[in-house]
Protein chains: 2
Amino acid sequence: MTTIRRATPADVPQILEFIRALAEYERAPDAVVATEEGLLRDGFGPQPFYHCLIAEHEGRAAGFALFFFNYSTWQGRPGIYLEDLFVYPELRGLGIGKALLQQVAVFALEKGCRRLQWEVLDWNTPAIDFYRAMGAEFLDEWRNVRVEGEAVERLARAAEAAR
Amino acid sequence: MTTIRRATPADVPQILEFIRALAEYERAPDAVVATEEGLLRDGFGPQPFYHCLIAEHEGRAAGFALFFFNYSTWQGRPGIYLEDLFVYPELRGLGIGKALLQQVAVFALEKGCRRLQWEVLDWNTPAIDFYRAMGAEFLDEWRNVRVEGEAVERLARAAEAAR
């Protein structure tokens, strides 16, 4: 028996454990610098930066979905961006990931959002097949671009210098 | 002389014009169903879904940057997702896009964000070259996935049926 519920502040240690387990699966175990303190501050204040659902299977934490609002200027309305969707490897194949994704869809419609978007690693064939079965399309003409850390600071300094 | 300023509600008609001009450049002129009413509601309430900067050149509206907060679970902090960056074609090459991106970086650092992320169409070589010159990296192992409209409703209905 699987149940899906909204995360509470008491789930933060478990959320961080999910995040680390997912990073390990995505071959980037050292990429996680998140802390319980930061996750608590950012997800459970008056204007949370993210929302989180927890899946429990036979009474045990089994997986999570973590998402936030994005915005489509073409649609002129917010959508949902799914940052993380994860089920512990030993609990896969039981429909838990599907149940999480379905509840994200329920959340989206309740908030007037008609689009879910996320990213998947190109070698993650099981996930790609699963998403396709859920009705997903792949927007492969769009490349993801990032500026980070020092490069952001350089841009900001150049702005100050131009004043 | 280029100035960058925060958009106000009075800019909404101009923002919609920018959105339409960008969609035309991206070969999707019919994709824009956004309305002034929706952009006003979503960008200028107490908890805005997006933020917008307007570039003016010689006193005339020249371009815009529209962005919102995303969230990195690996970093455990919010970042900035740049939904739209656009300068009218006849005003390119004057540093206006660079000035916009620099001010987005200033906004990001002010909010404690150290990462800017966005997408670019794979055929848009001028933009790709420009972003690379700004210090951007390209995350080409990540595929973009979307579930939209009817497919979201199917997911949500399946969740209701499983209760």
# chains A, B, ... in the order shown; residues from 1 in each chain; ligands from 1
call {"tool": "residues_around", "arguments": {"residues": "region 14-21 of chain B", "least_positions_apart": "5", "cutoff": "8 Å", "atoms": "only C-alpha atoms", "output": "PyMOL selection string"}}
result
(chain A and resi 73-74) or (chain B and resi 29+32+34-36+39+61+63-64+84+86+88)
call {"tool": "write_last_selection", "arguments": {"atoms": "C-alpha atoms", "output": "CSV table (one decimal), in the first residue's frame"}}
result
chain,number,residue,atom,x,y,z
A,73,THR,CA,5.6,33.6,-21.2
A,74,TRP,CA,4.0,32.0,-24.3
B,29,PRO,CA,4.6,33.1,-33.7
B,32,VAL,CA,1.8,32.9,-27.7
B,34,ALA,CA,-0.5,35.0,-23.0
B,35,THR,CA,-2.7,38.1,-22.3
B,36,GLU,CA,-1.9,41.5,-20.7
B,39,LEU,CA,0.9,38.9,-17.2
B,61,ALA,CA,12.1,50.2,-25.2
B,63,GLY,CA,14.7,44.6,-24.9
B,64,PHE,CA,13.7,42.6,-21.8
B,84,ASP,CA,13.3,35.1,-21.9
B,86,PHE,CA,15.4,39.5,-26.0
B,88,TYR,CA,14.9,43.9,-30.9
call {"tool": "interface_residues", "arguments": {"of": "chain B", "to": "chain A", "cutoff": "6 Å", "atoms": "only C-alpha atoms", "output": "CSV table (one decimal) with all heavy atoms, in the first residue's frame"}}
result
chain,number,residue,atom,x,y,z
B,31,ALA,N,2.5,30.4,-31.0
B,31,ALA,CA,2.6,29.8,-29.7
B,31,ALA,C,2.1,30.7,-28.5
B,31,ALA,O,1.9,30.2,-27.4
B,31,ALA,CB,4.0,29.2,-29.4
B,32,VAL,N,2.1,32.0,-28.8
B,32,VAL,CA,1.8,32.9,-27.7
B,32,VAL,C,0.3,33.1,-27.5
B,32,VAL,O,-0.4,33.6,-28.3
B,32,VAL,CB,2.4,34.3,-28.0
B,32,VAL,CG1,2.1,35.3,-26.8
B,32,VAL,CG2,3.9,34.2,-28.1
B,33,VAL,N,-0.2,32.6,-26.3
B,33,VAL,CA,-1.6,32.8,-25.9
B,33,VAL,C,-1.7,33.7,-24.7
B,33,VAL,O,-2.8,33.9,-24.2
B,33,VAL,CB,-2.3,31.5,-25.7
B,33,VAL,CG1,-2.4,30.6,-27.0
B,33,VAL,CG2,-1.7,30.7,-24.6
B,34,ALA,N,-0.5,34.2,-24.2
B,34,ALA,CA,-0.5,35.0,-23.0
B,34,ALA,C,-1.3,36.3,-23.3
B,34,ALA,O,-1.5,36.7,-24.5
B,34,ALA,CB,0.9,35.4,-22.7
B,38,GLY,N,-3.2,38.4,-17.8
B,38,GLY,CA,-2.5,37.3,-17.1
B,38,GLY,C,-1.1,37.7,-16.7
B,38,GLY,O,-0.6,37.4,-15.6
B,74,TRP,N,20.6,20.0,-5.1
B,74,TRP,CA,22.0,19.7,-4.8
B,74,TRP,C,22.7,20.9,-4.1
B,74,TRP,O,23.4,20.7,-3.1
B,74,TRP,CB,22.8,19.4,-6.2
B,74,TRP,CG,22.3,18.1,-6.8
B,74,TRP,CD1,21.3,17.3,-6.3
B,74,TRP,CD2,22.9,17.5,-7.9
B,74,TRP,NE1,21.2,16.2,-7.1
B,74,TRP,CE2,22.2,16.3,-8.1
B,74,TRP,CE3,23.9,17.8,-8.8
B,74,TRP,CZ2,22.4,15.4,-9.2
B,74,TRP,CZ3,24.2,16.9,-9.9
B,74,TRP,CH2,23.5,15.7,-10.0
B,75,GLN,N,22.4,22.1,-4.6
B,75,GLN,CA,23.0,23.3,-3.9
B,75,GLN,C,22.2,23.6,-2.6
B,75,GLN,O,22.8,24.3,-1.7
B,75,GLN,CB,22.9,24.5,-4.8
B,75,GLN,CG,23.8,24.3,-6.0
B,75,GLN,CD,24.3,25.7,-6.5
B,75,GLN,OE1,23.5,26.7,-6.5
B,75,GLN,NE2,25.6,25.8,-6.7
B,76,GLY,N,21.0,23.2,-2.5
B,76,GLY,CA,20.2,23.6,-1.4
B,76,GLY,C,19.9,25.1,-1.3
B,76,GLY,O,19.9,25.6,-0.2
B,102,GLN,N,23.8,41.1,-17.3
B,102,GLN,CA,24.6,41.5,-16.2
B,102,GLN,C,23.6,41.9,-15.0
B,102,GLN,O,23.9,41.6,-13.9
B,102,GLN,CB,25.5,42.7,-16.6
B,102,GLN,CG,26.7,42.2,-17.5
B,102,GLN,CD,27.4,43.4,-18.1
B,102,GLN,OE1,26.9,44.5,-18.1
B,102,GLN,NE2,28.6,43.1,-18.6
B,105,ALA,N,22.3,39.0,-13.3
B,105,ALA,CA,23.3,38.5,-12.3
B,105,ALA,C,23.3,39.4,-11.0
B,105,ALA,O,23.5,38.8,-9.9
B,105,ALA,CB,24.7,38.5,-13.0
B,106,VAL,N,23.2,40.7,-11.2
B,106,VAL,CA,23.1,41.5,-10.0
B,106,VAL,C,21.9,41.1,-9.1
B,106,VAL,O,22.0,41.0,-7.9
B,106,VAL,CB,23.0,43.0,-10.4
B,106,VAL,CG1,22.7,43.9,-9.2
B,106,VAL,CG2,24.3,43.5,-11.0
B,114,ARG,N,23.4,31.9,-6.8
B,114,ARG,CA,24.7,31.9,-7.5
B,114,ARG,C,24.7,31.1,-8.8
B,114,ARG,O,25.7,30.7,-9.3
B,114,ARG,CB,25.8,31.3,-6.5
B,114,ARG,CG,26.0,32.2,-5.3
B,114,ARG,CD,27.0,31.6,-4.3
B,114,ARG,NE,28.2,31.2,-5.0
B,114,ARG,CZ,29.2,32.1,-5.3
B,114,ARG,NH1,29.1,33.4,-5.0
B,114,ARG,NH2,30.3,31.7,-5.9
B,115,ARG,N,23.5,31.0,-9.3
B,115,ARG,CA,23.4,30.2,-10.6
B,115,ARG,C,22.3,30.8,-11.4
B,115,ARG,O,21.2,31.0,-10.9
B,115,ARG,CB,23.1,28.7,-10.2
B,115,ARG,CG,23.1,27.8,-11.4
B,115,ARG,CD,22.7,26.4,-11.0
B,115,ARG,NE,23.8,25.6,-10.5
B,115,ARG,CZ,23.6,24.4,-10.0
B,115,ARG,NH1,22.5,23.8,-10.0
B,115,ARG,NH2,24.7,23.7,-9.6
B,116,LEU,N,22.6,31.0,-12.7
B,116,LEU,CA,21.6,31.4,-13.7
B,116,LEU,C,21.5,30.2,-14.7
B,116,LEU,O,22.5,29.7,-15.1
B,116,LEU,CB,22.0,32.6,-14.5
B,116,LEU,CG,22.6,33.8,-13.7
B,116,LEU,CD1,22.9,35.0,-14.7
B,116,LEU,CD2,21.6,34.3,-12.7
B,117,GLN,N,20.2,29.9,-15.0
B,117,GLN,CA,20.1,28.8,-16.0
B,117,GLN,C,19.0,29.2,-17.0
B,117,GLN,O,18.1,30.0,-16.7
B,117,GLN,CB,19.7,27.5,-15.2
B,117,GLN,CG,19.8,26.3,-16.1
B,117,GLN,CD,20.1,25.0,-15.3
B,117,GLN,OE1,20.6,25.1,-14.2
B,117,GLN,NE2,19.7,23.9,-15.9
B,118,TRP,N,19.1,28.7,-18.2
B,118,TRP,CA,18.1,29.0,-19.2
B,118,TRP,C,18.3,28.0,-20.3
B,118,TRP,O,19.0,27.0,-20.2
B,118,TRP,CB,18.2,30.4,-19.7
B,118,TRP,CG,19.4,30.8,-20.4
B,118,TRP,CD1,19.6,30.9,-21.8
B,118,TRP,CD2,20.6,31.4,-19.8
B,118,TRP,NE1,20.9,31.3,-22.1
B,118,TRP,CE2,21.5,31.6,-20.9
B,118,TRP,CE3,21.1,31.6,-18.5
B,118,TRP,CZ2,22.8,32.2,-20.7
B,118,TRP,CZ3,22.4,32.1,-18.3
B,118,TRP,CH2,23.2,32.4,-19.4
B,119,GLU,N,17.5,28.2,-21.4
B,119,GLU,CA,17.6,27.3,-22.6
B,119,GLU,C,17.8,28.1,-23.8
B,119,GLU,O,17.4,29.2,-23.9
B,119,GLU,CB,16.3,26.5,-22.7
B,119,GLU,CG,16.1,25.4,-21.6
B,119,GLU,CD,14.6,24.9,-21.6
B,119,GLU,OE1,14.0,24.8,-22.7
B,119,GLU,OE2,14.2,24.6,-20.5
B,120,VAL,N,18.4,27.4,-24.8
B,120,VAL,CA,18.6,28.1,-26.1
B,120,VAL,C,18.3,27.1,-27.2
B,120,VAL,O,18.6,25.9,-27.0
B,120,VAL,CB,20.0,28.7,-26.2
B,120,VAL,CG1,21.1,27.6,-26.2
B,120,VAL,CG2,20.2,29.5,-27.5
B,121,LEU,N,17.7,27.5,-28.3
B,121,LEU,CA,17.4,26.6,-29.4
B,121,LEU,C,18.7,26.2,-30.1
B,121,LEU,O,19.6,27.1,-30.3
B,121,LEU,CB,16.5,27.3,-30.4
B,121,LEU,CG,15.0,27.3,-30.0
B,121,LEU,CD1,14.2,28.3,-30.7
B,121,LEU,CD2,14.4,25.9,-30.2
B,122,ASP,N,18.8,25.0,-30.5
B,122,ASP,CA,20.1,24.5,-30.9
B,122,ASP,C,20.6,25.1,-32.2
B,122,ASP,O,21.8,25.0,-32.6
B,122,ASP,CB,20.1,22.9,-31.0
B,122,ASP,CG,19.0,22.4,-31.9
B,122,ASP,OD1,18.3,23.2,-32.5
B,122,ASP,OD2,18.8,21.2,-31.8
B,135,GLY,N,30.4,33.3,-20.3
B,135,GLY,CA,30.9,32.4,-19.3
B,135,GLY,C,30.0,31.2,-19.1
B,135,GLY,O,30.1,30.4,-18.1
B,136,ALA,N,29.0,31.0,-20.0
B,136,ALA,CA,28.0,29.9,-19.8
B,136,ALA,C,28.6,28.6,-20.2
B,136,ALA,O,29.5,28.5,-21.1
B,136,ALA,CB,26.8,30.2,-20.7
B,137,GLU,N,28.1,27.5,-19.6
B,137,GLU,CA,28.4,26.2,-20.0
B,137,GLU,C,27.1,25.5,-20.5
B,137,GLU,O,26.0,26.0,-20.1
B,137,GLU,CB,29.0,25.4,-18.8
B,137,GLU,CG,28.1,25.5,-17.5
B,137,GLU,CD,28.7,24.7,-16.4
B,137,GLU,OE1,29.4,23.7,-16.6
B,137,GLU,OE2,28.4,25.1,-15.2
B,138,PHE,N,27.2,24.5,-21.3
B,138,PHE,CA,26.1,23.8,-21.9
B,138,PHE,C,25.9,22.4,-21.3
B,138,PHE,O,26.9,21.6,-21.3
B,138,PHE,CB,26.2,23.8,-23.4
B,138,PHE,CG,26.2,25.2,-24.0
B,138,PHE,CD1,27.4,26.0,-24.0
B,138,PHE,CD2,25.0,25.8,-24.4
B,138,PHE,CE1,27.3,27.3,-24.5
B,138,PHE,CE2,25.0,27.1,-24.9
B,138,PHE,CZ,26.2,27.8,-24.9
B,139,LEU,N,24.7,22.1,-20.8
B,139,LEU,CA,24.5,20.9,-20.1
B,139,LEU,C,23.8,19.9,-21.0
B,139,LEU,O,22.7,19.6,-20.9
B,139,LEU,CB,23.6,21.1,-18.8
B,139,LEU,CG,24.1,22.3,-17.9
B,139,LEU,CD1,23.1,22.6,-16.8
B,139,LEU,CD2,25.5,22.0,-17.3
B,141,GLU,N,24.0,16.8,-21.6
B,141,GLU,CA,23.6,15.4,-21.2
B,141,GLU,C,22.2,15.4,-20.6
B,141,GLU,O,21.6,14.3,-20.4
B,141,GLU,CB,24.6,14.8,-20.3
B,141,GLU,CG,24.6,15.2,-18.9
B,141,GLU,CD,25.3,16.5,-18.6
B,141,GLU,OE1,25.5,17.3,-19.6
B,141,GLU,OE2,25.8,16.7,-17.5
B,142,TRP,N,21.6,16.6,-20.4
B,142,TRP,CA,20.2,16.6,-19.8
B,142,TRP,C,19.2,16.9,-20.9
B,142,TRP,O,19.3,17.9,-21.7
B,142,TRP,CB,20.1,17.7,-18.8
B,142,TRP,CG,20.9,17.4,-17.5
B,142,TRP,CD1,22.2,17.8,-17.3
B,142,TRP,CD2,20.5,16.7,-16.4
B,142,TRP,NE1,22.6,17.4,-16.0
B,142,TRP,CE2,21.5,16.7,-15.5
B,142,TRP,CE3,19.3,16.0,-16.1
B,142,TRP,CZ2,21.5,16.0,-14.2
B,142,TRP,CZ3,19.2,15.4,-14.9
B,142,TRP,CH2,20.3,15.4,-13.9
B,143,ARG,N,18.2,16.0,-21.1
B,143,ARG,CA,17.1,16.2,-22.0
B,143,ARG,C,15.9,16.9,-21.3
B,143,ARG,O,15.6,16.6,-20.2
B,143,ARG,CB,16.7,14.9,-22.6
B,143,ARG,CG,17.7,14.2,-23.4
B,143,ARG,CD,17.2,12.9,-23.9
B,143,ARG,NE,16.3,13.0,-25.0
B,143,ARG,CZ,15.6,12.0,-25.5
B,143,ARG,NH1,15.8,10.7,-25.1
B,143,ARG,NH2,14.7,12.2,-26.5
B,144,ASN,N,15.3,17.8,-22.0
B,144,ASN,CA,14.1,18.4,-21.4
B,144,ASN,C,12.8,17.6,-21.7
B,144,ASN,O,12.6,17.2,-22.9
B,144,ASN,CB,14.0,19.8,-22.0
B,144,ASN,CG,15.1,20.7,-21.6
B,144,ASN,OD1,15.3,20.9,-20.4
B,144,ASN,ND2,15.9,21.2,-22.5
B,145,VAL,N,12.0,17.4,-20.7
B,145,VAL,CA,10.9,16.6,-20.8
B,145,VAL,C,9.6,17.4,-20.4
B,145,VAL,O,9.7,18.3,-19.5
B,145,VAL,CB,11.0,15.4,-19.8
B,145,VAL,CG1,9.9,14.4,-20.0
B,145,VAL,CG2,12.4,14.8,-19.8
B,146,ARG,N,8.5,17.2,-21.0
B,146,ARG,CA,7.3,18.0,-20.8
B,146,ARG,C,6.1,17.1,-20.8
B,146,ARG,O,6.0,16.2,-21.7
B,146,ARG,CB,7.2,19.1,-21.8
B,146,ARG,CG,6.0,20.0,-21.6
B,146,ARG,CD,5.9,21.0,-22.7
B,146,ARG,NE,6.8,22.1,-22.5
B,146,ARG,CZ,7.0,23.0,-23.4
B,146,ARG,NH1,6.4,23.0,-24.5
B,146,ARG,NH2,7.9,24.0,-23.1
B,147,VAL,N,5.2,17.3,-19.9
B,147,VAL,CA,3.8,16.7,-20.0
B,147,VAL,C,2.9,17.9,-20.0
B,147,VAL,O,3.0,18.8,-19.2
B,147,VAL,CB,3.5,15.8,-18.8
B,147,VAL,CG1,2.1,15.3,-18.9
B,147,VAL,CG2,4.4,14.6,-18.8
B,148,GLU,N,1.9,17.9,-20.9
B,148,GLU,CA,1.1,19.2,-21.1
B,148,GLU,C,-0.3,18.8,-21.3
B,148,GLU,O,-0.7,17.8,-21.9
B,148,GLU,CB,1.7,19.9,-22.3
B,148,GLU,CG,1.1,21.2,-22.5
B,148,GLU,CD,2.0,22.1,-23.5
B,148,GLU,OE1,2.7,21.5,-24.3
B,148,GLU,OE2,2.0,23.3,-23.3
B,149,GLY,N,-1.2,19.8,-20.9
B,149,GLY,CA,-2.6,19.8,-21.2
B,149,GLY,C,-3.3,18.5,-20.9
B,149,GLY,O,-3.4,18.1,-19.7
B,151,ALA,N,-2.5,15.5,-21.3
B,151,ALA,CA,-1.7,14.4,-20.6
B,151,ALA,C,-1.6,14.7,-19.1
B,151,ALA,O,-1.6,13.8,-18.3
B,151,ALA,CB,-0.3,14.4,-21.2
B,152,VAL,N,-1.6,16.0,-18.7
B,152,VAL,CA,-1.6,16.3,-17.3
B,152,VAL,C,-2.9,15.9,-16.7
B,152,VAL,O,-3.0,15.3,-15.6
B,152,VAL,CB,-1.3,17.8,-17.0
B,152,VAL,CG1,-1.4,18.2,-15.6
B,152,VAL,CG2,0.0,18.2,-17.6
B,155,LEU,N,-3.0,12.2,-16.1
B,155,LEU,CA,-2.3,11.8,-14.9
B,155,LEU,C,-3.1,12.1,-13.6
B,155,LEU,O,-3.2,11.3,-12.7
B,155,LEU,CB,-1.0,12.6,-14.8
B,155,LEU,CG,0.2,12.0,-15.7
B,155,LEU,CD1,1.3,13.0,-15.7
B,155,LEU,CD2,0.7,10.7,-15.2
B,156,ALA,N,-3.7,13.3,-13.6
B,156,ALA,CA,-4.5,13.7,-12.4
B,156,ALA,C,-5.7,12.8,-12.2
B,156,ALA,O,-6.0,12.4,-11.1
B,156,ALA,CB,-4.9,15.1,-12.5
B,159,ALA,N,-4.8,9.5,-10.7
B,159,ALA,CA,-4.5,9.7,-9.3
B,159,ALA,C,-5.9,9.6,-8.5
B,159,ALA,O,-6.0,8.9,-7.5
B,159,ALA,CB,-3.8,11.0,-9.0
call {"tool": "select_by_dssp", "arguments": {"residues": "chain B", "states": "strand (DSSP E)", "output": "number ranges by chain"}}
result
B: 2-6, 51-57, 60-72, 77-87, 115-121, 137-138, 142-148
call {"tool": "write_last_selection", "arguments": {"atoms": "C-alpha atoms", "output": "tab-separated table (two decimals), in the first residue's frame"}}
result
chain	number	residue	atom	x	y	z
B	2	THR	CA	21.20	52.09	-22.47
B	3	THR	CA	19.42	51.93	-19.14
B	4	ILE	CA	18.04	48.84	-17.42
B	5	ARG	CA	15.18	49.13	-14.95
B	6	ARG	CA	12.65	46.92	-13.22
B	51	HIS	CA	10.36	39.26	-12.44
B	52	CYS	CA	11.14	41.45	-15.43
B	53	LEU	CA	13.81	43.96	-16.44
B	54	ILE	CA	13.31	46.41	-19.30
B	55	ALA	CA	16.18	47.81	-21.38
B	56	GLU	CA	15.76	51.26	-22.89
B	57	HIS	CA	18.07	52.58	-25.55
B	60	ARG	CA	13.02	53.69	-26.44
B	61	ALA	CA	12.10	50.16	-25.24
B	62	ALA	CA	14.82	47.92	-26.67
B	63	GLY	CA	14.67	44.55	-24.90
B	64	PHE	CA	13.73	42.62	-21.80
B	65	ALA	CA	14.78	39.85	-19.46
B	66	LEU	CA	12.08	37.82	-17.71
B	67	PHE	CA	13.04	35.34	-15.00
B	68	PHE	CA	11.92	33.55	-11.86
B	69	PHE	CA	13.39	31.58	-8.97
B	70	ASN	CA	14.11	27.92	-9.46
B	71	TYR	CA	15.59	25.62	-6.83
B	72	SER	CA	18.62	23.35	-6.79
B	77	ARG	CA	19.39	27.08	-2.48
B	78	PRO	CA	17.33	28.97	-5.03
B	79	GLY	CA	18.73	30.05	-8.36
B	80	ILE	CA	17.47	32.16	-11.22
B	81	TYR	CA	15.87	30.69	-14.31
B	82	LEU	CA	15.94	33.07	-17.25
B	83	GLU	CA	12.79	32.39	-19.25
B	84	ASP	CA	13.25	35.14	-21.86
B	85	LEU	CA	16.10	37.39	-22.93
B	86	PHE	CA	15.40	39.49	-26.00
B	87	VAL	CA	16.60	42.59	-27.83
B	115	ARG	CA	23.40	30.20	-10.57
B	116	LEU	CA	21.58	31.40	-13.69
B	117	GLN	CA	20.06	28.84	-15.97
B	118	TRP	CA	18.11	29.00	-19.22
B	119	GLU	CA	17.56	27.25	-22.57
B	120	VAL	CA	18.57	28.08	-26.10
B	121	LEU	CA	17.41	26.62	-29.40
B	137	GLU	CA	28.40	26.16	-19.97
B	138	PHE	CA	26.06	23.84	-21.88
B	142	TRP	CA	20.23	16.63	-19.84
B	143	ARG	CA	17.12	16.22	-22.01
B	144	ASN	CA	14.10	18.44	-21.45
B	145	VAL	CA	10.86	16.60	-20.77
B	146	ARG	CA	7.32	17.96	-20.76
B	147	VAL	CA	3.82	16.75	-20.00
B	148	GLU	CA	1.13	19.16	-21.08
call {"tool": "select_by_dssp", "arguments": {"residues": "region 36-130 of chain A", "states": "alpha helix (DSSP H)", "output": "list in words"}}
result
Glu36, Glu37, Gly38, Leu39, Leu40, Arg41, Asp42, Gly43, Ile96, Gly97, Lys98, Ala99, Leu100, Leu101, Gln102, Gln103, Val104, Ala105, Val106, Phe107, Ala108, Leu109, Glu110, Thr125, Pro126, Ala127, Ile128, Asp129 and Phe130 of chain A
call {"tool": "write_last_selection", "arguments": {"atoms": "C-alpha atoms", "output": "PDB file, in the first residue's frame"}}
result
ATOM      1  CA  GLU A  36      18.847  20.428   6.492  1.00  0.00           C
ATOM      2  CA  GLU A  37      18.874  24.038   7.630  1.00  0.00           C
ATOM      3  CA  GLY A  38      18.692  25.359   4.062  1.00  0.00           C
ATOM      4  CA  LEU A  39      15.985  22.913   3.004  1.00  0.00           C
ATOM      5  CA  LEU A  40      13.901  23.853   6.032  1.00  0.00           C
ATOM      6  CA  ARG A  41      14.302  27.586   5.376  1.00  0.00           C
ATOM      7  CA  ASP A  42      13.568  27.336   1.633  1.00  0.00           C
ATOM      8  CA  GLY A  43      10.679  24.888   1.605  1.00  0.00           C
ATOM      9  CA  ILE A  96       5.395   4.528  -6.615  1.00  0.00           C
ATOM     10  CA  GLY A  97       7.030   6.891  -9.115  1.00  0.00           C
ATOM     11  CA  LYS A  98       3.842   6.905 -11.161  1.00  0.00           C
ATOM     12  CA  ALA A  99       1.779   7.682  -8.047  1.00  0.00           C
ATOM     13  CA  LEU A 100       4.116  10.588  -7.220  1.00  0.00           C
ATOM     14  CA  LEU A 101       3.926  11.990 -10.745  1.00  0.00           C
ATOM     15  CA  GLN A 102       0.147  11.669 -10.712  1.00  0.00           C
ATOM     16  CA  GLN A 103      -0.074  13.647  -7.475  1.00  0.00           C
ATOM     17  CA  VAL A 104       2.194  16.324  -8.927  1.00  0.00           C
ATOM     18  CA  ALA A 105      -0.344  16.556 -11.770  1.00  0.00           C
ATOM     19  CA  VAL A 106      -3.157  16.934  -9.228  1.00  0.00           C
ATOM     20  CA  PHE A 107      -1.220  19.736  -7.507  1.00  0.00           C
ATOM     21  CA  ALA A 108      -0.596  21.412 -10.872  1.00  0.00           C
ATOM     22  CA  LEU A 109      -4.256  21.440 -11.914  1.00  0.00           C
ATOM     23  CA  GLU A 110      -5.321  22.695  -8.474  1.00  0.00           C
ATOM     24  CA  THR A 125      16.834   4.855 -20.314  1.00  0.00           C
ATOM     25  CA  PRO A 126      14.509   3.395 -17.647  1.00  0.00           C
ATOM     26  CA  ALA A 127      13.408   6.911 -16.655  1.00  0.00           C
ATOM     27  CA  ILE A 128      13.042   8.006 -20.295  1.00  0.00           C
ATOM     28  CA  ASP A 129      10.836   5.001 -21.069  1.00  0.00           C
ATOM     29  CA  PHE A 130       8.764   5.619 -17.950  1.00  0.00           C
TER      30      PHE A 130
END
call {"tool": "atom_distance", "arguments": {"atom1": "CA of Glu58 (chain A)", "atom2": "CA of Met1 (chain A)"}}
result
5.6 Å
call {"tool": "atom_distance", "arguments": {"atom1": "CA of Pro46 (chain A)", "atom2": "CA of Gly45 (chain B)"}}
result
15.1 Å
